[in-house]
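**Student:** One structure follows; several queries about it will come next.
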Amino acid sequence: VCDALECAVAEMKRGEKAILTVTTPAAAAEEKLGLKDVKADKVVFTVELLEFEKAKDTWDMSEEDKVEFATSRKEVGTQLFKCGRLNMALAKYTKVADLFNYIDDYKEENRAKAQALKQACEANKAACYLKLKDFERAATSCNEVLKGDPNNVKALYRRAQAELGLKGFQACIADCRKVVELDPQNKEARALWRQAQAGQKEEDRKAKGLFANMCKELGKG
């Protein structure tokens with residue numbers, strides 16, 4: 001089901017009818033509805049929710065059930081990400097990460113699994129945010145991973161990508177340097193490092209020109 005219908009149905013009650021207007025065509029793309037490559041400015045659906053199956057509330061789950069549920073949600077998120085359904089993937093990853101905000105009282109084995117799932121989903125959230133060009137949130141998700149695992153190469157690299165997007169070139173260089181220290185064969189980090197150096201060089205050139213112009217204007221006074 002396309003993103004628009006999945007989001008809308010989640011807010012509906014059994015027997016409810018609704019008219020759904022979608023102004024982002026990609027969110028309405030659905031091959032089964034003949035809308036695989038829809039190009040319209042807007043798509044209008046008439047929706048009726050005939051039946052649904054209510055999922056078990058997570059607060060009513062055991063630790064083991066929560067870990068199993070989170071694992072399946074993460075896998076669904078990965079499939080959605082691969083299909084380019086970034087917002088839906090992000091929702092799945094966020095649900096898993098939020099599910100394990102407090103796990104101090106978990107059994108040791110379950111706590112380790114929950115922590116690993118949370119970190120993986122935070123890293124995957126960062127990947128979604130990067131593709132959506134939401135660099136600040138991407139960096140925040142990476143920071144969540146790095147709190148518990150300061151040497152997580154994937155999180156360091158994705159934070160460096162976010163920093164490049166935010167034009168934080170020095171911070172990007174610092175993260176790339178650490179990635180290369182941990183993984184000397186990481187070609188992507190080396191390439192990103194060069195991009196950040198070029199970006200910083202350009203920023204320095206602009207700053208130097210601005211300073212020279214300011215001095216020139218002051219000299220006229």
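So you can find residues: chains in the structure tokens are A, B, ... in the order shown, residues in each start at 1, and ligands are numbered from 1 in order.
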Write out as a list in words the residues lying within 7 Å of Asp175 in chain A, counting only C-alpha atoms and excluding same-chain residues fewer than 6 positions away.
**Tutor:** Leu156, Tyr157 and Ala160 of chain A
**Student:** How would the residues just picked look written out with N, CA and C atoms as a PDB file, in the first residue's frame?
**Tutor:**
```pdb
ATOM      1  N   LEU A 156      29.762   7.464  12.876  1.00  0.00           N
ATOM      2  CA  LEU A 156      30.749   8.530  12.665  1.00  0.00           C
ATOM      3  C   LEU A 156      30.723   9.022  11.224  1.00  0.00           C
ATOM      4  N   TYR A 157      30.652   8.079  10.286  1.00  0.00           N
ATOM      5  CA  TYR A 157      30.635   8.460   8.872  1.00  0.00           C
ATOM      6  C   TYR A 157      29.356   9.221   8.523  1.00  0.00           C
ATOM      7  N   ALA A 160      29.510  12.643   9.830  1.00  0.00           N
ATOM      8  CA  ALA A 160      30.378  13.445   8.966  1.00  0.00           C
ATOM      9  C   ALA A 160      29.612  13.912   7.727  1.00  0.00           C
TER      10      ALA A 160
END
```
**Student:** With the cut-off set at 9 Å and counting only C-alpha atoms, tabulate each residue of range 2-66 of chain A with an atom at most that distance from an atom of range 83-95 of chain A, showing the nearest atom pair and its distance in Å to one decimal, ordered by chain and increasing number, as a tab-separated table.
**Tutor:**
```
residue	atom	partner	partner_atom	distance
A:Cys2	CA	A:Arg85	CA	8.8
A:Asp3	CA	A:Met88	CA	6.7
A:Glu6	CA	A:Met88	CA	8.9
A:Cys7	CA	A:Met88	CA	8.5
A:Ala26	CA	A:Arg85	CA	8.9
A:Ala27	CA	A:Arg85	CA	8.2
```
**Student:** Can I get the selection written as a short mmCIF file (atom, residue, chain, number, x, y, z; two decimals), in the first residue's frame, with all heavy atoms?
**Tutor:**
```cif
data_model
loop_
_atom_site.label_atom_id
_atom_site.label_comp_id
_atom_site.auth_asym_id
_atom_site.auth_seq_id
_atom_site.Cartn_x
_atom_site.Cartn_y
_atom_site.Cartn_z
N CYS A 2 0.45 2.28 -0.72
CA CYS A 2 1.25 3.50 -0.80
C CYS A 2 1.29 4.20 0.56
O CYS A 2 0.44 3.98 1.43
CB CYS A 2 0.70 4.43 -1.87
SG CYS A 2 -0.93 5.10 -1.53
N ASP A 3 2.28 5.08 0.74
CA ASP A 3 2.47 5.77 2.02
C ASP A 3 1.24 6.56 2.44
O ASP A 3 0.87 6.56 3.61
CB ASP A 3 3.66 6.73 1.91
CG ASP A 3 4.98 5.99 1.74
OD1 ASP A 3 4.95 4.74 1.67
OD2 ASP A 3 6.03 6.64 1.67
N GLU A 6 -1.50 4.24 3.78
CA GLU A 6 -1.09 3.60 5.03
C GLU A 6 -1.18 4.58 6.20
O GLU A 6 -1.64 4.23 7.29
CB GLU A 6 0.32 3.05 4.90
CG GLU A 6 0.74 2.20 6.08
CD GLU A 6 1.92 1.29 5.81
OE1 GLU A 6 2.23 1.07 4.63
OE2 GLU A 6 2.50 0.80 6.78
N CYS A 7 -0.76 5.80 5.99
CA CYS A 7 -0.81 6.82 7.04
C CYS A 7 -2.26 7.19 7.37
O CYS A 7 -2.62 7.36 8.54
CB CYS A 7 -0.04 8.07 6.62
SG CYS A 7 1.75 7.84 6.57
N ALA A 26 4.54 11.23 -5.07
CA ALA A 26 5.32 10.05 -4.71
C ALA A 26 4.67 9.27 -3.57
O ALA A 26 4.79 8.05 -3.49
CB ALA A 26 6.73 10.46 -4.31
N ALA A 27 3.94 9.97 -2.69
CA ALA A 27 3.30 9.32 -1.56
C ALA A 27 2.06 8.52 -1.99
O ALA A 27 1.54 7.70 -1.23
CB ALA A 27 2.90 10.35 -0.51
#
```
**Student:** Which residue is closest to Ala120 in chain A? Choose from A:Thr58, A:Thr71, A:Gln170, A:Gln197 and count only C-alpha atoms.
**Tutor:**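 With only C-alpha atoms as the atom set, the closest residue is A:Thr71.
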**Student:** Under the rule that only C-alpha atoms are counted, which of A:Arg137, A:Leu117, A:Asn124, A:Ala18 is the nearest residue to Ser72 in chain A?
**Tutor:**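 When distances to Ser72 in chain A are compared using only C-alpha atoms, the smallest one comes from A:Leu117.
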**Student:** Rank nothing, just name the residue among A:Lys113, A:Glu53, A:Glu68, A:Ala123 nearest to Ala10 in chain A, using only C-alpha atoms.
**Tutor:**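 Checking each candidate against Ala10 in chain A, we get A:Glu53 as the closest.
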**Student:** Can you tell me, as a PyMOL selection string, what residues are no more than 10 Å from Lys39 in chain A when counting only C-alpha atoms, ignoring any on the same chain fewer than 6 positions away?
**Tutor:** chain A and resi 24-26+29
**Student:** Write the residues of the preceding selection, restricted to C-alpha atoms, as a compact mmCIF listing (two decimals), in the first residue's frame.
**Tutor:**
```txt
# COMPACT_ATOMS: atom_id res chain seq x y z
CA THR A 24 2.90 14.79 -2.96
CA PRO A 25 2.55 12.37 -5.91
CA ALA A 26 5.32 10.05 -4.71
CA ALA A 29 2.46 5.89 -6.07
```
**Student:** So that I can check the surroundings of Gln115 in chain A, please list as a list in words every protein, DNA and RNA residue that reaches within 12 Å of it, counting only C-alpha atoms and ignoring chain neighbours fewer than 4 positions away.
**Tutor:**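 Listed by chain and then number, they are Val67, Ala70, Thr71, Val96, Ala97, Asp98, Leu99, Phe100, Asn101, Tyr102, Ile103, Asp104, Tyr106, Lys107, Glu108, Glu109, Asn110, Arg111, Gln119, Ala120, Cys121, Glu122, Glu144, Val145, Lys147, Gly148 and Asp149 of chain A.
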**Student:** Please identify which residues in range 4-197 of chain A DSSP calls strand (DSSP E) from the backbone, and express them as a ChimeraX atom specification.
**Tutor:** /A:17-22,43-48
